[in-house]
$ cat start_1.txt   # compact mmCIF, C-alpha atoms
# COMPACT_ATOMS: atom_id res chain seq x y z
CA MET B 315 -71.95 -28.05 -3.11
CA THR B 316 -69.54 -28.09 -0.20
CA THR B 317 -66.26 -26.15 -0.38
CA THR B 318 -63.28 -27.51 1.51
CA ASN B 319 -60.64 -25.04 2.59
CA THR B 320 -57.13 -26.27 1.94
CA PRO B 321 -54.53 -25.41 4.59
CA GLY B 322 -52.28 -22.65 3.31
CA ALA B 323 -48.51 -22.48 3.26
CA GLY B 324 -46.98 -22.44 6.70
CA ALA B 325 -50.01 -24.02 8.44
CA ARG B 326 -49.86 -27.58 9.76
CA SER B 327 -52.80 -29.93 9.29
CA PRO B 328 -54.11 -31.57 12.48
CA GLN B 329 -53.88 -34.99 10.80
CA GLU B 330 -50.31 -34.42 9.61
CA PRO B 331 -47.88 -36.45 11.76
CA ASP B 332 -44.83 -34.75 13.24
CA SER B 333 -41.85 -35.21 10.95
CA GLU B 334 -38.75 -36.84 12.41
CA PRO B 335 -35.66 -34.66 12.78
CA ILE B 336 -33.04 -35.06 10.07
CA LYS B 337 -29.92 -36.84 11.25
CA ALA B 338 -26.91 -35.03 9.82
CA ILE B 339 -23.84 -37.13 9.12
CA ARG B 340 -20.47 -35.39 9.16
CA LEU B 341 -18.55 -35.80 5.93
CA ARG B 342 -15.23 -37.54 6.25
CA HIS B 343 -12.08 -35.91 4.89
CA PRO B 344 -9.29 -38.50 5.08
CA TRP B 345 -6.86 -36.53 2.89
CA ARG B 346 -7.31 -33.43 5.04
CA MET B 347 -6.49 -35.40 8.17
CA ALA B 348 -3.49 -37.00 6.49
CA PHE B 349 -2.17 -33.59 5.41
CA ALA B 350 -2.57 -32.25 8.95
CA VAL B 351 -0.64 -35.22 10.36
CA VAL B 352 2.16 -34.65 7.85
CA LEU B 353 2.40 -30.97 8.87
CA VAL B 354 2.56 -31.88 12.56
CA VAL B 355 5.28 -34.45 11.89
CA ILE B 356 7.33 -31.97 9.84
CA PHE B 357 7.03 -29.33 12.57
CA ALA B 358 8.04 -31.83 15.27
CA LEU B 359 11.07 -32.92 13.22
CA PHE B 360 12.10 -29.28 12.75
CA VAL B 361 11.88 -28.59 16.49
CA ILE B 362 13.85 -31.72 17.36
CA ASP B 363 16.49 -30.89 14.77
CA ALA B 364 16.75 -27.23 15.93
CA ALA B 365 17.13 -28.32 19.54
CA GLY B 366 20.21 -30.36 18.65
CA ARG B 367 21.90 -27.89 16.30
CA GLU B 368 25.10 -26.50 17.79
CA ALA B 369 24.98 -23.41 15.56
CA TYR B 370 21.88 -22.14 17.36
CA ASP B 371 23.76 -22.26 20.68
CA TRP B 372 20.70 -22.24 22.93
CA PRO B 373 22.70 -21.67 26.16
CA THR B 374 23.92 -18.36 24.69
CA VAL B 375 20.35 -17.50 23.70
CA ALA B 376 19.22 -18.08 27.29
CA LYS B 377 22.13 -16.02 28.57
CA TYR B 378 21.38 -12.90 26.49
CA VAL B 379 17.59 -12.97 26.10
CA PHE B 380 17.16 -11.01 29.36
CA ASP B 381 20.51 -9.25 29.27
CA ARG B 382 20.27 -5.64 30.48
CA ARG B 383 21.67 -4.27 27.22
CA ILE B 384 19.09 -6.19 25.21
CA SER B 385 16.27 -5.10 27.52
CA MET B 386 17.23 -1.44 27.18
CA ALA B 387 17.46 -1.85 23.41
CA ALA B 388 13.98 -3.39 23.37
CA PHE B 389 12.70 -0.38 25.33
CA ASN B 390 14.30 1.96 22.79
CA THR B 391 12.58 0.02 20.01
CA LEU B 392 9.23 0.49 21.72
CA GLN B 393 9.91 4.21 22.11
CA LEU B 394 10.77 4.56 18.43
CA THR B 395 7.59 2.72 17.48
CA VAL B 396 5.24 4.67 19.76
CA TYR B 397 6.65 8.14 19.07
CA SER B 398 6.86 7.58 15.32
CA MET B 399 3.30 6.23 15.08
CA ILE B 400 1.82 9.08 17.13
CA ILE B 401 3.44 11.69 14.87
CA ALA B 402 2.56 9.67 11.75
CA ILE B 403 -1.12 9.36 12.71
CA ILE B 404 -1.46 13.09 13.44
CA LEU B 405 0.31 14.07 10.23
CA GLY B 406 -1.52 11.37 8.27
CA VAL B 407 -4.95 12.67 9.36
CA THR B 408 -3.88 16.18 8.32
CA LEU B 409 -2.70 14.96 4.92
CA ALA B 410 -5.90 12.94 4.40
CA ILE B 411 -8.03 16.04 5.04
CA MET B 412 -5.78 17.99 2.67
CA ARG B 413 -6.28 15.32 -0.02
CA LEU B 414 -10.06 15.68 0.37
CA SER B 415 -9.93 19.48 0.30
CA PRO B 416 -11.60 21.25 -2.66
CA ASN B 417 -8.64 23.64 -2.76
CA PRO B 418 -6.40 22.45 -5.64
CA VAL B 419 -3.23 23.94 -4.11
CA VAL B 420 -3.75 22.17 -0.77
CA LYS B 421 -4.63 18.92 -2.53
CA SER B 422 -1.55 19.18 -4.77
CA VAL B 423 0.80 19.77 -1.82
CA ALA B 424 -0.55 16.67 -0.06
CA TRP B 425 -0.27 14.63 -3.26
CA PHE B 426 3.35 15.76 -3.75
CA TYR B 427 4.22 14.75 -0.17
CA LEU B 428 2.74 11.29 -0.70
CA TRP B 429 4.52 10.96 -4.04
CA ILE B 430 7.91 11.68 -2.48
CA PHE B 431 7.67 9.58 0.67
CA ARG B 432 5.83 6.61 -0.86
CA GLY B 433 8.01 6.59 -3.95
CA THR B 434 11.40 6.30 -2.23
CA PRO B 435 12.62 3.50 0.09
CA VAL B 436 12.52 4.20 3.80
CA TYR B 437 16.17 3.15 4.14
CA VAL B 438 17.21 5.81 1.62
CA GLN B 439 15.18 8.41 3.51
CA LEU B 440 16.84 7.45 6.79
CA VAL B 441 20.27 7.81 5.20
CA PHE B 442 19.31 11.33 4.08
CA TRP B 443 18.22 12.19 7.62
CA GLY B 444 21.54 10.90 8.91
CA LEU B 445 23.29 13.35 6.55
CA ILE B 446 21.02 16.29 7.38
CA ALA B 447 23.81 18.01 9.33
CA ILE B 448 25.91 18.09 6.16
CA ILE B 449 23.08 19.55 4.08
CA TYR B 450 21.93 22.05 6.73
CA GLN B 451 24.70 22.97 9.16
CA THR B 452 22.41 25.23 11.19
CA ILE B 453 18.69 25.54 11.94
CA ASP B 454 17.68 29.19 11.56
CA ILE B 455 14.46 30.75 12.87
CA GLY B 456 13.37 34.13 11.54
CA ILE B 457 12.16 35.96 8.43
CA PRO B 458 13.43 34.45 5.14
CA PHE B 459 16.31 36.26 3.40
CA MET B 460 17.02 38.27 6.54
CA GLU B 461 19.26 37.83 9.55
CA PRO B 462 17.88 34.90 11.60
CA TRP B 463 16.56 35.59 15.07
CA VAL B 464 17.82 32.33 16.53
CA SER B 465 20.28 29.84 15.09
CA PHE B 466 21.06 26.31 16.30
CA ASP B 467 23.78 23.90 15.32
CA THR B 468 22.05 20.97 13.61
CA LYS B 469 24.29 18.35 15.21
CA VAL B 470 23.50 19.72 18.67
CA ALA B 471 19.75 20.27 18.12
CA LEU B 472 19.02 16.91 16.49
CA ASN B 473 20.57 13.75 17.89
CA THR B 474 20.37 10.38 16.14
CA PHE B 475 17.38 9.22 18.19
CA THR B 476 15.38 12.30 17.18
CA LEU B 477 16.43 11.95 13.55
CA ALA B 478 15.31 8.30 13.57
CA ILE B 479 11.87 9.30 14.86
CA ILE B 480 11.58 12.07 12.26
CA GLY B 481 12.56 9.77 9.41
CA LEU B 482 10.24 6.95 10.45
CA SER B 483 7.24 9.18 11.19
CA LEU B 484 7.44 11.23 7.98
CA ASN B 485 7.59 8.06 5.90
CA GLU B 486 4.75 6.38 7.79
CA ALA B 487 2.55 9.50 7.58
CA ALA B 488 2.29 9.04 3.82
CA TYR B 489 0.75 5.59 4.29
CA MET B 490 -1.46 6.63 7.19
CA ALA B 491 -2.86 9.45 5.05
CA GLU B 492 -4.15 6.97 2.48
CA ILE B 493 -5.56 4.70 5.20
CA VAL B 494 -7.45 7.56 6.84
CA ARG B 495 -8.65 8.88 3.48
CA ALA B 496 -9.99 5.44 2.54
CA GLY B 497 -11.79 5.21 5.88
CA LEU B 498 -13.44 8.62 5.48
CA LEU B 499 -14.50 7.85 1.91
CA SER B 500 -16.05 4.55 3.04
CA VAL B 501 -18.77 6.44 4.93
CA ASP B 502 -21.78 7.21 2.78
CA ARG B 503 -22.21 10.85 1.83
CA GLY B 504 -25.78 10.73 3.07
CA GLN B 505 -24.55 10.31 6.65
CA GLU B 506 -22.93 13.74 6.56
CA GLU B 507 -25.94 15.30 4.89
CA ALA B 508 -28.27 13.81 7.51
CA ALA B 509 -26.08 15.11 10.34
CA THR B 510 -26.04 18.57 8.78
CA ALA B 511 -29.83 18.47 8.46
CA LEU B 512 -30.04 17.70 12.19
CA GLY B 513 -28.09 20.87 12.93
CA MET B 514 -24.75 19.29 13.80
CA SER B 515 -21.58 21.27 13.24
CA TRP B 516 -18.68 19.90 11.18
CA PHE B 517 -16.79 18.88 14.32
CA GLN B 518 -19.86 17.15 15.79
CA THR B 519 -20.50 15.37 12.50
CA MET B 520 -16.95 14.06 12.33
CA ARG B 521 -16.85 13.03 16.01
CA ARG B 522 -20.29 11.42 16.29
CA VAL B 523 -21.08 10.19 12.79
CA ILE B 524 -18.18 9.97 10.35
CA ILE B 525 -15.19 8.90 12.46
CA PRO B 526 -16.98 6.11 14.43
CA GLN B 527 -18.06 4.53 11.14
CA ALA B 528 -14.72 5.12 9.44
CA MET B 529 -12.81 3.49 12.30
CA ARG B 530 -14.04 0.07 11.18
CA VAL B 531 -12.02 0.59 8.00
CA ILE B 532 -9.10 2.47 9.57
CA ILE B 533 -8.28 0.20 12.54
CA PRO B 534 -7.21 -3.05 10.75
CA PRO B 535 -4.61 -1.50 8.39
CA THR B 536 -3.44 0.85 11.15
CA GLY B 537 -2.75 -2.15 13.38
CA ASN B 538 -0.75 -3.69 10.56
CA GLU B 539 1.20 -0.46 10.16
CA VAL B 540 2.07 -0.40 13.88
CA ILE B 541 3.42 -3.94 13.65
CA SER B 542 5.30 -3.04 10.49
CA MET B 543 6.74 0.05 12.21
CA LEU B 544 8.02 -2.11 15.07
CA LYS B 545 10.05 -4.13 12.59
CA THR B 546 11.07 -1.14 10.47
CA THR B 547 12.90 0.31 13.48
CA SER B 548 15.66 -2.19 12.68
CA LEU B 549 16.58 0.08 9.73
CA VAL B 550 17.48 3.12 11.85
CA THR B 551 21.10 1.98 11.78
CA ALA B 552 21.17 4.00 8.54
CA VAL B 553 20.81 7.25 10.56
CA PRO B 554 22.95 5.87 12.33
CA PHE B 555 21.23 4.91 15.61
CA SER B 556 22.40 1.53 16.91
CA LEU B 557 20.84 1.39 20.38
CA GLU B 558 17.64 -0.28 19.22
CA LEU B 559 17.04 -4.02 19.42
CA TYR B 560 18.61 -5.23 16.20
CA GLY B 561 21.55 -2.82 16.32
CA ARG B 562 22.39 -3.71 19.92
CA SER B 563 22.19 -7.45 19.29
CA ARG B 564 24.43 -7.01 16.24
CA ASP B 565 27.00 -5.10 18.32
CA ILE B 566 27.02 -7.83 20.99
CA SER B 567 27.41 -10.53 18.35
CA ALA B 568 30.41 -8.63 16.97
CA GLU B 569 32.01 -8.93 20.42
CA THR B 570 31.22 -12.63 20.87
CA PHE B 571 31.82 -13.62 17.22
CA ASN B 572 28.58 -15.62 17.44
CA PRO B 573 25.80 -13.82 15.49
CA ILE B 574 23.18 -16.58 15.23
CA PRO B 575 22.16 -16.76 18.94
CA LEU B 576 21.86 -12.95 19.13
CA LEU B 577 19.65 -12.95 16.02
CA ILE B 578 17.41 -15.47 17.77
CA VAL B 579 17.33 -13.26 20.88
CA ALA B 580 16.24 -10.24 18.81
CA SER B 581 13.62 -12.36 17.04
CA ILE B 582 12.18 -13.53 20.36
CA TRP B 583 11.71 -9.93 21.52
CA TYR B 584 10.18 -8.90 18.19
CA LEU B 585 7.77 -11.83 18.33
CA ALA B 586 6.77 -11.00 21.91
CA PHE B 587 6.00 -7.36 21.03
CA THR B 588 4.18 -8.35 17.84
CA SER B 589 2.02 -10.87 19.71
CA VAL B 590 0.91 -8.21 22.21
CA LEU B 591 0.12 -5.77 19.40
CA MET B 592 -1.90 -8.40 17.53
CA ILE B 593 -4.00 -9.08 20.63
CA GLY B 594 -4.63 -5.37 21.09
CA GLN B 595 -5.55 -5.02 17.42
CA TYR B 596 -8.05 -7.86 17.75
CA PHE B 597 -9.91 -6.24 20.63
CA LEU B 598 -9.89 -2.82 18.94
CA GLU B 599 -11.36 -4.29 15.77
CA LYS B 600 -13.97 -6.13 17.83
CA ARG B 601 -14.94 -2.93 19.65
CA PHE B 602 -15.37 -0.78 16.56
CA ALA B 603 -17.16 -3.55 14.64
CA ARG B 604 -20.00 -3.77 17.16
CA GLY B 605 -23.42 -3.81 15.53
CA VAL B 606 -22.03 -4.52 12.06
CA GLY B 607 -22.57 -7.92 10.51
CA ASP B 608 -23.86 -9.48 13.71
CA ARG B 609 -25.33 -12.93 13.22
CA ARG B 610 -28.22 -13.95 15.43
CA PRO B 611 -28.47 -17.75 15.20
CA ASP B 612 -31.42 -17.70 17.59
CA ARG B 613 -33.50 -15.69 15.12
CA LYS B 614 -34.53 -17.66 12.06
CA GLY B 615 -37.01 -17.02 9.34
CA ASP B 616 -39.25 -19.93 10.37
CA ASP B 617 -39.79 -18.38 13.81
CA LEU B 618 -41.93 -15.59 12.37
CA THR B 619 -45.52 -15.37 13.56
CA GLY B 620 -48.45 -13.46 12.17
CA VAL B 621 -51.17 -13.68 9.59
CA ALA B 622 -50.30 -14.44 5.98
CA PRO B 623 -52.71 -14.79 3.05
CA ALA B 624 -53.10 -18.32 1.75
CA VAL B 625 -53.27 -18.87 -2.00
CA GLY B 626 -56.51 -20.39 -3.28
CA VAL B 627 -58.60 -19.96 -0.12
CA ASP B 628 -60.94 -17.27 1.13
CA LYS B 629 -59.43 -16.96 4.63
CA PRO B 630 -55.97 -16.00 5.83
CA THR B 631 -53.71 -18.58 7.40
CA VAL B 632 -52.20 -18.13 10.84
CA VAL B 633 -48.50 -19.03 10.95
CA LEU B 634 -47.28 -20.25 14.35
CA PRO B 635 -43.76 -20.94 15.62
CA PRO B 636 -42.60 -24.57 15.47
CA ASN B 637 -42.80 -25.05 19.24
CA GLU B 638 -46.46 -23.98 19.22
CA SER B 639 -47.66 -25.41 15.94
CA GLY B 640 -46.62 -28.91 16.92
CA GLY B 641 -49.40 -29.15 19.48
CA HIS B 642 -52.20 -27.96 17.17

$ encode --input "start_1.txt" --output "C-alpha cells"
Amino acid sequence: MTTTNTPGAGARSPQEPDSEPIKAIRLRHPWRMAFAVVLVVIFALFVIDAAGREAYDWPTVAKYVFDRRISMAAFNTLQLTVYSMIIAIILGVTLAIMRLSPNPVVKSVAWFYLWIFRGTPVYVQLVFWGLIAIIYQTIDIGIPFMEPWVSFDTKVALNTFTLAIIGLSLNEAAYMAEIVRAGLLSVDRGQEEAATALGMSWFQTMRRVIIPQAMRVIIPPTGNEVISMLKTTSLVTAVPFSLELYGRSRDISAETFNPIPLLIVASIWYLAFTSVLMIGQYFLEKRFARGVGDRRPDRKGDDLTGVAPAVGVDKPTVVLPPNESGGH
C-alpha cells in the first residue's frame, strides 16, 4: 500500500497555479464628498463676507498688527508665558513627588495646595495677588515673633509684572503636579525594581528609566498647558498688569474708539504664537514616542520562514516567503 504525503499548511504544491492578485476597488462615498463641498462653500462665503464687512476695518488691522506697542506687548506675553511655565513645572514636579511620598504630612500639604489652587478660579487668584500689598504691607525676613532682620515694602519689592508671574505660576503648578504624577504612575513598578536590582541609585533610576518613559505621558498635556497659559495671560489685567497683548490692544482701542480691529490684531498674534507652540509640541511628542507603537508595514506574518509541523503527515513542511515559493 502506497502512502501519499499531503502538502501541509503554508506549502505550495508544484501543480498549483499562481493565484491572480486581488483587484481592490475603492468604495465611493458620495455623501461624504457632498458634505465636504458644502463646508468649502460655507467657508468661502464667510471669507468673502468678512472681507467686505466695514466693522472689521481691515486697513486698521494692517496698520496696528506690527505696531511697536503691540509688538512689545506680544513680547511681554511671551515673557509671562515662559517664566510662569518654568516656575510651574519646577513646583509641579516637587508637588507630584510630595503627593507620592509615604509621609502623610507631606502628602497632605501637597493635597491641600492642589485643593486650594485647583478649586478657585485663576482670575480670583490674580485679584488677590493684586491686593497683596493691602494684606501684607511689608515683607519681613527673620525669626517668627521676633524683630525682623530685613523688611521690604511690598509695593516696592513686588511690581505688577512679578505679581502676574507669581499668580499664574502658582495656579499652573497645581495642574502640572497632577500631570507629572500621572506620568510617573504610568511607568510599571517593575521598571524601578529592575533598575534597583541592577545597582542603580534613585537618581539614576529616575533619569535613565522612569522619566524617559513617563515623558510620553507628560509631554502632550504639558504642551496643552503651555498653549493654555499663553491665552491665560490675558487675565493678568486683574493684577492689574495691562502691558500684555490683550491689555495693550484694549488700551489702544479705547483711544481709537474702534475695538473690533484691535481684537483681530491680538487674535492674529495669539494664533501665530499658538501655531509655533503646536509645531514644537508635535516634534517633542514624536521624539519621546520613538520605539513605542511603531508599525512596520514591510514585516508581515506571511513573510516568516522556517520549519513548521504539518498536520496528518510524517514529515515537517518547509514554509518559504512568497517571492521564493512562487518558483517552486

$ atom_distance --input "start_1.txt" --atom1 "atom CA of B:Gly497" --atom2 "atom CA of B:Gln527"
8.2 Å

$ residues_near_point --input "start_1.txt" --point "(23.6, -22.4, 19.0)" --cutoff "10 Å" --atoms "all atoms listed in the file" --output "PyMOL selection string"
chain B and resi 364-375+572-576+578

$ atom_distance --input "start_1.txt" --atom1 "atom CA of B:Ala447" --atom2 "atom CA of B:Val396"
25.1 Å

$ closest_atom_pairs --input "start_1.txt" --of "stretch 492-560 of chain B" --to "stretch 466-488 of chain B" --cutoff "10 Å" --atoms "only C-alpha atoms" --output "tab-separated table"
residue	atom	partner	partner_atom	distance
B:Glu492	CA	B:Ala488	CA	6.9
B:Ile493	CA	B:Ala488	CA	9.1
B:Glu539	CA	B:Glu486	CA	8.1
B:Val540	CA	B:Glu486	CA	9.5
B:Ser542	CA	B:Glu486	CA	9.8
B:Met543	CA	B:Leu482	CA	7.9
B:Thr546	CA	B:Leu482	CA	8.1
B:Thr547	CA	B:Leu482	CA	7.8
B:Leu549	CA	B:Ala478	CA	9.2
B:Val550	CA	B:Ala478	CA	5.9
B:Thr551	CA	B:Ala478	CA	8.8
B:Ala552	CA	B:Ala478	CA	8.8
B:Val553	CA	B:Ala478	CA	6.4
B:Pro554	CA	B:Thr474	CA	6.4
B:Phe555	CA	B:Thr474	CA	5.6
B:Ser556	CA	B:Thr474	CA	9.1
B:Leu557	CA	B:Phe475	CA	8.8
B:Glu558	CA	B:Phe475	CA	9.6

$ atom_distance --input "start_1.txt" --atom1 "atom CA of B:Ala586" --atom2 "atom CA of B:Phe389"
12.6 Å

$ closest_residue --input "start_1.txt" --among "B:Pro462, B:Ile541, B:Val419, B:Ala496" --to "B:Val590" --atoms "only C-alpha atoms"
B:Ile541

$ residues_around --input "start_1.txt" --residues "stretch 420-424 of chain B" --least-positions-apart "5" --cutoff "10 Å" --atoms "all atoms listed in the file" --output "list in words"
Gly406, Thr408, Leu409, Ala410, Ile411, Met412, Arg413, Leu414, Ser415, Trp429, Ala488 and Ala491 of chain B

$ write_last_selection --input "start_1.txt" --atoms "C-alpha atoms" --output "mmCIF file, in the frame of the given file"
data_model
loop_
_atom_site.group_PDB
_atom_site.id
_atom_site.type_symbol
_atom_site.label_atom_id
_atom_site.label_comp_id
_atom_site.auth_asym_id
_atom_site.auth_seq_id
_atom_site.Cartn_x
_atom_site.Cartn_y
_atom_site.Cartn_z
ATOM 1 C CA GLY B 406 -1.520 11.370 8.270
ATOM 2 C CA THR B 408 -3.880 16.180 8.320
ATOM 3 C CA LEU B 409 -2.700 14.960 4.920
ATOM 4 C CA ALA B 410 -5.900 12.940 4.400
ATOM 5 C CA ILE B 411 -8.030 16.040 5.040
ATOM 6 C CA MET B 412 -5.780 17.990 2.670
ATOM 7 C CA ARG B 413 -6.280 15.320 -0.020
ATOM 8 C CA LEU B 414 -10.060 15.680 0.370
ATOM 9 C CA SER B 415 -9.930 19.480 0.300
ATOM 10 C CA TRP B 429 4.520 10.960 -4.040
ATOM 11 C CA ALA B 488 2.290 9.040 3.820
ATOM 12 C CA ALA B 491 -2.860 9.450 5.050
#

$ closest_residue --input "start_1.txt" --among "B:Ile455, B:Met514, B:Ala388, B:Ile356" --to "B:Ile582" --atoms "only C-alpha atoms"
B:Ala388

$ closest_residue --input "start_1.txt" --among "B:Phe431, B:Arg340, B:Lys545, B:Ser563" --to "B:Tyr584" --atoms "all atoms listed in the file"
B:Lys545

$ residues_around --input "start_1.txt" --residues "B:Gly537" --least-positions-apart "4" --cutoff "10 Å" --atoms "all atoms listed in the file" --output "list in words"
Ile532, Ile533, Ile541, Ser542, Met543, Leu591, Met592, Gly594, Gln595, Tyr596, Leu598 and Glu599 of chain B

$ closest_residue --input "start_1.txt" --among "B:Ala603, B:Leu353, B:Ile525, B:Ala376" --to "B:Val579" --atoms "all atoms listed in the file"
B:Ala376
